[in-house]
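**Student:** Data file model-v5.pdb (PDB, C-alpha atoms, pLDDT in the B column) is appended below.
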ATOM      1  CA  MET A   1       8.782  12.302 -23.396  1.00 81.00           C
ATOM      2  CA  ILE A   2       8.259   8.519 -23.318  1.00 89.00           C
ATOM      3  CA  VAL A   3      10.517   8.230 -20.243  1.00 89.00           C
ATOM      4  CA  SER A   4       8.534  10.981 -18.500  1.00 90.00           C
ATOM      5  CA  ILE A   5       5.285   9.127 -19.138  1.00 93.00           C
ATOM      6  CA  ILE A   6       6.844   5.862 -17.910  1.00 94.00           C
ATOM      7  CA  SER A   7       8.045   7.708 -14.786  1.00 94.00           C
ATOM      8  CA  ILE A   8       4.526   8.941 -14.060  1.00 95.00           C
ATOM      9  CA  ILE A   9       3.070   5.467 -14.668  1.00 96.00           C
ATOM     10  CA  VAL A  10       5.605   4.067 -12.170  1.00 96.00           C
ATOM     11  CA  ALA A  11       4.722   6.852  -9.711  1.00 97.00           C
ATOM     12  CA  VAL A  12       0.993   6.175 -10.031  1.00 97.00           C
ATOM     13  CA  ALA A  13       1.492   2.405  -9.682  1.00 98.00           C
ATOM     14  CA  ILE A  14       3.559   2.766  -6.499  1.00 98.00           C
ATOM     15  CA  THR A  15       1.117   5.334  -5.089  1.00 98.00           C
ATOM     16  CA  VAL A  16      -1.858   3.054  -5.746  1.00 98.00           C
ATOM     17  CA  PHE A  17      -0.028   0.045  -4.267  1.00 98.00           C
ATOM     18  CA  ASP A  18       0.900   2.057  -1.164  1.00 98.00           C
ATOM     19  CA  GLN A  19      -2.655   3.324  -0.689  1.00 98.00           C
ATOM     20  CA  ILE A  20      -4.115  -0.181  -1.147  1.00 98.00           C
ATOM     21  CA  THR A  21      -1.718  -1.711   1.394  1.00 97.00           C
ATOM     22  CA  LYS A  22      -2.534   1.040   3.875  1.00 98.00           C
ATOM     23  CA  PHE A  23      -6.267   0.526   3.320  1.00 97.00           C
ATOM     24  CA  VAL A  24      -6.034  -3.249   3.797  1.00 96.00           C
ATOM     25  CA  ILE A  25      -3.541  -3.413   6.675  1.00 96.00           C
ATOM     26  CA  PHE A  26      -3.900  -0.179   8.646  1.00 94.00           C
ATOM     27  CA  GLY A  27      -6.061  -0.494  11.725  1.00 91.00           C
ATOM     28  CA  GLN A  28      -5.657  -4.253  12.033  1.00 93.00           C
ATOM     29  CA  PRO A  29      -4.253  -5.629  15.300  1.00 94.00           C
ATOM     30  CA  ALA A  30      -0.456  -5.952  15.325  1.00 93.00           C
ATOM     31  CA  HIS A  31       0.634  -9.336  14.055  1.00 94.00           C
ATOM     32  CA  SER A  32       3.748 -11.159  12.964  1.00 94.00           C
ATOM     33  CA  VAL A  33       4.285 -11.721   9.276  1.00 94.00           C
ATOM     34  CA  ILE A  34       7.735 -13.346   9.563  1.00 92.00           C
ATOM     35  CA  GLY A  35       8.559 -14.334  13.148  1.00 91.00           C
ATOM     36  CA  ASN A  36      10.136 -11.493  15.101  1.00 87.00           C
ATOM     37  CA  PHE A  37      11.594 -10.122  11.851  1.00 91.00           C
ATOM     38  CA  LEU A  38       8.594  -8.457  10.189  1.00 94.00           C
ATOM     39  CA  TRP A  39       5.382  -7.306  11.830  1.00 94.00           C
ATOM     40  CA  PHE A  40       2.392  -5.324  10.636  1.00 96.00           C
ATOM     41  CA  GLU A  41       1.661  -2.771  13.329  1.00 95.00           C
ATOM     42  CA  SER A  42      -0.509   0.276  12.602  1.00 96.00           C
ATOM     43  CA  THR A  43       0.445   3.748  13.725  1.00 94.00           C
ATOM     44  CA  LEU A  44      -0.451   7.228  12.539  1.00 95.00           C
ATOM     45  CA  ASN A  45       2.643   9.411  12.263  1.00 92.00           C
ATOM     46  CA  THR A  46       1.690  13.085  12.474  1.00 92.00           C
ATOM     47  CA  GLY A  47       5.306  14.075  11.899  1.00 87.00           C
ATOM     48  CA  ALA A  48       7.904  13.374   9.240  1.00 85.00           C
ATOM     49  CA  ALA A  49      10.583  10.673   9.406  1.00 78.00           C
ATOM     50  CA  PHE A  50      11.127   9.475  12.978  1.00 71.00           C
ATOM     51  CA  SER A  51       8.270  11.819  14.076  1.00 74.00           C
ATOM     52  CA  ILE A  52      10.239  14.999  13.304  1.00 82.00           C
ATOM     53  CA  LEU A  53       7.865  18.018  13.334  1.00 85.00           C
ATOM     54  CA  GLU A  54       5.207  15.905  15.022  1.00 86.00           C
ATOM     55  CA  GLY A  55       1.821  17.625  15.022  1.00 81.00           C
ATOM     56  CA  LYS A  56       2.907  20.213  12.414  1.00 84.00           C
ATOM     57  CA  SER A  57       0.654  18.813   9.690  1.00 88.00           C
ATOM     58  CA  TRP A  58       0.219  22.031   7.708  1.00 91.00           C
ATOM     59  CA  ILE A  59       3.978  22.578   7.455  1.00 94.00           C
ATOM     60  CA  LEU A  60       4.444  18.993   6.304  1.00 95.00           C
ATOM     61  CA  ILE A  61       1.559  19.266   3.839  1.00 96.00           C
ATOM     62  CA  ALA A  62       3.102  22.414   2.360  1.00 96.00           C
ATOM     63  CA  ILE A  63       6.561  20.828   2.123  1.00 96.00           C
ATOM     64  CA  SER A  64       5.142  17.640   0.583  1.00 96.00           C
ATOM     65  CA  ALA A  65       3.024  19.585  -1.911  1.00 97.00           C
ATOM     66  CA  ILE A  66       5.971  21.729  -3.003  1.00 97.00           C
ATOM     67  CA  ALA A  67       8.242  18.674  -3.250  1.00 96.00           C
ATOM     68  CA  SER A  68       5.606  16.852  -5.328  1.00 96.00           C
ATOM     69  CA  VAL A  69       5.326  19.774  -7.760  1.00 96.00           C
ATOM     70  CA  VAL A  70       9.122  20.067  -8.074  1.00 94.00           C
ATOM     71  CA  LEU A  71       9.520  16.313  -8.627  1.00 94.00           C
ATOM     72  CA  PHE A  72       6.728  16.318 -11.217  1.00 94.00           C
ATOM     73  CA  TRP A  73       8.463  19.220 -12.985  1.00 92.00           C
ATOM     74  CA  LEU A  74      11.799  17.346 -12.925  1.00 90.00           C
ATOM     75  CA  VAL A  75      10.157  14.290 -14.478  1.00 90.00           C
ATOM     76  CA  PHE A  76       8.898  16.396 -17.400  1.00 89.00           C
ATOM     77  CA  SER A  77      11.869  18.769 -17.590  1.00 83.00           C
ATOM     78  CA  LYS A  78      13.484  18.911 -21.015  1.00 79.00           C
ATOM     79  CA  LYS A  79      16.736  20.258 -19.616  1.00 71.00           C
ATOM     80  CA  HIS A  80      19.862  18.424 -20.655  1.00 59.00           C
ATOM     81  CA  PHE A  81      20.916  17.727 -17.054  1.00 63.00           C
ATOM     82  CA  THR A  82      18.003  15.383 -16.353  1.00 73.00           C
ATOM     83  CA  SER A  83      18.800  11.887 -17.632  1.00 86.00           C
ATOM     84  CA  LYS A  84      16.352   9.051 -18.253  1.00 89.00           C
ATOM     85  CA  THR A  85      17.564   7.311 -15.097  1.00 92.00           C
ATOM     86  CA  GLU A  86      17.035  10.457 -13.046  1.00 92.00           C
ATOM     87  CA  LYS A  87      13.513  10.874 -14.408  1.00 92.00           C
ATOM     88  CA  ILE A  88      12.581   7.324 -13.350  1.00 94.00           C
ATOM     89  CA  LEU A  89      14.098   7.877  -9.896  1.00 96.00           C
ATOM     90  CA  PHE A  90      12.299  11.226  -9.541  1.00 95.00           C
ATOM     91  CA  GLY A  91       9.076   9.359 -10.387  1.00 95.00           C
ATOM     92  CA  ILE A  92       9.754   6.810  -7.650  1.00 97.00           C
ATOM     93  CA  ILE A  93      10.497   9.549  -5.104  1.00 97.00           C
ATOM     94  CA  LEU A  94       7.400  11.444  -6.285  1.00 97.00           C
ATOM     95  CA  SER A  95       5.227   8.384  -5.633  1.00 98.00           C
ATOM     96  CA  GLY A  96       6.223   8.204  -1.984  1.00 97.00           C
ATOM     97  CA  THR A  97       6.008  11.937  -1.440  1.00 97.00           C
ATOM     98  CA  PHE A  98       2.581  12.179  -3.065  1.00 98.00           C
ATOM     99  CA  SER A  99       1.150   9.088  -1.364  1.00 98.00           C
ATOM    100  CA  ASN A 100       2.183  10.341   2.071  1.00 97.00           C
ATOM    101  CA  LEU A 101       0.749  13.762   1.128  1.00 97.00           C
ATOM    102  CA  ILE A 102      -2.596  12.061   0.458  1.00 98.00           C
ATOM    103  CA  ASP A 103      -2.442  10.546   3.959  1.00 97.00           C
ATOM    104  CA  ARG A 104      -1.572  13.868   5.587  1.00 95.00           C
ATOM    105  CA  ILE A 105      -4.508  15.615   3.897  1.00 96.00           C
ATOM    106  CA  PHE A 106      -7.152  12.916   4.448  1.00 97.00           C
ATOM    107  CA  PHE A 107      -6.008  11.244   7.687  1.00 96.00           C
ATOM    108  CA  GLY A 108      -4.101  13.988   9.530  1.00 94.00           C
ATOM    109  CA  GLY A 109      -0.878  11.977   9.392  1.00 94.00           C
ATOM    110  CA  VAL A 110       0.870   9.192   7.554  1.00 95.00           C
ATOM    111  CA  ARG A 111      -0.425   5.651   8.028  1.00 97.00           C
ATOM    112  CA  ASP A 112       2.565   3.447   8.837  1.00 96.00           C
ATOM    113  CA  PHE A 113       2.397  -0.302   9.361  1.00 96.00           C
ATOM    114  CA  ILE A 114       5.676  -2.088   8.533  1.00 96.00           C
ATOM    115  CA  SER A 115       7.667  -2.879  11.655  1.00 95.00           C
ATOM    116  CA  LEU A 116      11.096  -4.522  11.739  1.00 94.00           C
ATOM    117  CA  ARG A 117      10.929  -5.533  15.365  1.00 89.00           C
ATOM    118  CA  PHE A 118      14.215  -7.414  15.380  1.00 88.00           C
ATOM    119  CA  ILE A 119      16.115  -4.104  15.154  1.00 90.00           C
ATOM    120  CA  HIS A 120      13.500  -1.894  16.835  1.00 83.00           C
ATOM    121  CA  PHE A 121      13.402   0.409  13.802  1.00 86.00           C
ATOM    122  CA  ALA A 122      10.779   3.075  13.116  1.00 88.00           C
ATOM    123  CA  ILE A 123       7.471   1.855  11.692  1.00 93.00           C
ATOM    124  CA  PHE A 124       7.135   2.804   8.010  1.00 95.00           C
ATOM    125  CA  ASN A 125       5.163   2.132   4.816  1.00 97.00           C
ATOM    126  CA  ILE A 126       5.646   1.459   1.091  1.00 98.00           C
ATOM    127  CA  ALA A 127       5.751   5.194   0.278  1.00 98.00           C
ATOM    128  CA  ASP A 128       8.582   5.687   2.771  1.00 96.00           C
ATOM    129  CA  MET A 129      10.493   2.840   1.114  1.00 97.00           C
ATOM    130  CA  ALA A 130      10.004   4.443  -2.317  1.00 98.00           C
ATOM    131  CA  ILE A 131      11.399   7.750  -1.053  1.00 97.00           C
ATOM    132  CA  VAL A 132      14.385   6.194   0.743  1.00 97.00           C
ATOM    133  CA  PHE A 133      15.353   3.758  -2.004  1.00 97.00           C
ATOM    134  CA  GLY A 134      14.777   6.372  -4.710  1.00 97.00           C
ATOM    135  CA  VAL A 135      17.014   8.895  -2.941  1.00 97.00           C
ATOM    136  CA  ILE A 136      19.731   6.322  -2.188  1.00 98.00           C
ATOM    137  CA  ILE A 137      19.812   5.007  -5.763  1.00 97.00           C
ATOM    138  CA  LEU A 138      19.790   8.584  -7.113  1.00 96.00           C
ATOM    139  CA  ALA A 139      22.704   9.539  -4.847  1.00 97.00           C
ATOM    140  CA  VAL A 140      24.722   6.476  -5.917  1.00 97.00           C
ATOM    141  CA  TYR A 141      23.894   7.148  -9.580  1.00 95.00           C
ATOM    142  CA  LEU A 142      24.992  10.802  -9.311  1.00 93.00           C
ATOM    143  CA  LEU A 143      28.160   9.811  -7.452  1.00 95.00           C
ATOM    144  CA  ILE A 144      29.111   7.245 -10.102  1.00 93.00           C
ATOM    145  CA  ARG A 145      28.325   9.723 -12.888  1.00 91.00           C
ATOM    146  CA  SER A 146      30.467  12.358 -11.175  1.00 91.00           C
ATOM    147  CA  ILE A 147      33.388   9.928 -10.760  1.00 91.00           C
ATOM    148  CA  LYS A 148      33.159   8.959 -14.438  1.00 88.00           C
ATOM    149  CA  LYS A 149      33.177  12.630 -15.463  1.00 84.00           C
ATOM    150  CA  ASP A 150      36.213  13.321 -13.275  1.00 84.00           C
ATOM    151  CA  LYS A 151      38.113  10.453 -14.902  1.00 82.00           C
ATOM    152  CA  LYS A 152      37.549  11.991 -18.344  1.00 72.00           C
TER     153      LYS A 152
END
Go through the file and emit its structure as structure tokens.
**Tutor:**
Amino acid sequence: MIVSIISIIVAVAITVFDQITKFVIFGQPAHSVIGNFLWFESTLNTGAAFSILEGKSWILIAISAIASVVLFWLVFSKKHFTSKTEKILFGIILSGTFSNLIDRIFFGGVRDFISLRFIHFAIFNIADMAIVFGVIILAVYLLIRSIKKDKK
């Protein structure tokens, strides 16, 4: 139970940080933070990653809401298959999913502002980073756990 509470505290902290950064930075003129490496450049993404399902806000709201409920359930699940590490990672993924859900409901899309101009990558935000890093670390964790089980 303690790990579940810690996971939710982490999720709330990341969500609040993401919302604060969006509030402070979004809408400002594009400007360089670190040369041509990192820019803050505001854009409202009405789709999902890389503008997939652009303009389909209600579908994305429904998907995000369902994903948030499932992730919240996984954080508090007492099933034996959910480890402490997984609960923390589910909390991190939940933070990004929920924070972007807030944007979709109140702004009609997700407020993105981080631009890596040197590689011409999609513009993203803190919530997106939480989702991506959480999923990557979870995948690596599950892969390593699976390999260890196979060796036994």
**Student:** CA of Trp73 (chain A) and CA of Leu138 (chain A), how far apart in Å?
**Tutor:**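 Rounded to one decimal, the two atoms are 16.6 Å apart.
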**Student:** List, as a PyMOL selection string, every residue that the PyMOL selection byres ((chain A and resi 44-58) around 7) selects in the file provided.
**Tutor:** chain A and resi 42-43+59-62+104+108-112+122
**Student:** Generate the output file for the selected residues, C-alpha atoms, as a CSV table (one decimal), keeping the file's coordinate frame.
**Tutor:**
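Heads up, here's the output in result39.csv:
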chain,number,residue,atom,x,y,z
A,42,SER,CA,-0.5,0.3,12.6
A,43,THR,CA,0.4,3.7,13.7
A,59,ILE,CA,4.0,22.6,7.5
A,60,LEU,CA,4.4,19.0,6.3
A,61,ILE,CA,1.6,19.3,3.8
A,62,ALA,CA,3.1,22.4,2.4
A,104,ARG,CA,-1.6,13.9,5.6
A,108,GLY,CA,-4.1,14.0,9.5
A,109,GLY,CA,-0.9,12.0,9.4
A,110,VAL,CA,0.9,9.2,7.6
A,111,ARG,CA,-0.4,5.7,8.0
A,112,ASP,CA,2.6,3.4,8.8
A,122,ALA,CA,10.8,3.1,13.1
**Student:** Could you expand the PyMOL selection byres ((chain A and resi 139-141) around 12) into the explicit residues it covers here, written as number ranges by chain?
**Tutor:** A: 83-86, 88-90, 132-138, 142-148
**Student:** Which residue is closest to Gln19 (chain A)? Choose from A:Ala127, A:Ser68, A:Ile63, A:Met1 and count all atoms listed in the file.
**Tutor:** A:Ala127
**Student:** Expanded to explicit residues, what is the PyMOL selection byres ((chain A and resi 5-8) around 7) for this file, as a PyMOL selection string?
**Tutor:** chain A and resi 1-4+9-12+75+87-88+91
**Student:** Have a look at A:Asp150, A:Ile114, A:Gly96, A:Leu101 and name the one nearest to Phe17 (chain A); count all atoms listed in the file.
**Tutor:**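 Closest candidate: A:Gly96.
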**Student:** For the point (1.7, -1.0, -1.5) in the file's frame, write as a PyMOL selection string all residues with an atom no more than 12 Å away, counting only C-alpha atoms.
**Tutor:** chain A and resi 11-26+95-96+99-100+111-114+124-130
**Student:** Do you have the CA of Leu94 (chain A)-CA of Phe107 (chain A) distance handy?
**Tutor:**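 About the pair CA of Leu94 (chain A) and CA of Phe107 (chain A): they are 19.4 Å apart.
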**Student:** Between CA of Leu71 (chain A) and CA of Ile102 (chain A), measure the distance and give it in Å to one decimal.
**Tutor:**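 Value for the CA of Leu71 (chain A)-CA of Ile102 (chain A) distance: 15.7 Å.
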**Student:** Please write out, as AutoDock Vina command-line options, where the centre of an axis-aligned box around all listed atoms of region 77-89 of chain A lies and how long its edges are, in Å to one decimal, after adding 3 Å on each side.
**Tutor:**
--center_x 16.4 --center_y 13.8 --center_z -15.5 --size_x 15.0 --size_y 18.9 --size_z 17.1
**Student:** Write out as a ChimeraX atom specification which residues come within 12 Å of Ile119 (chain A) when counting all atoms listed in the file, dropping same-chain ones fewer than 3 positions away.
**Tutor:** /A:36-39,115-116,122-123
**Student:** From the options A:Ile34, A:Ile92, A:Ile105, A:Ile131, which residue's atoms come nearest to Ala65 (chain A), counting all atoms listed in the file?
**Tutor:**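 Closest residue, counting all atoms listed in the file: A:Ile105.
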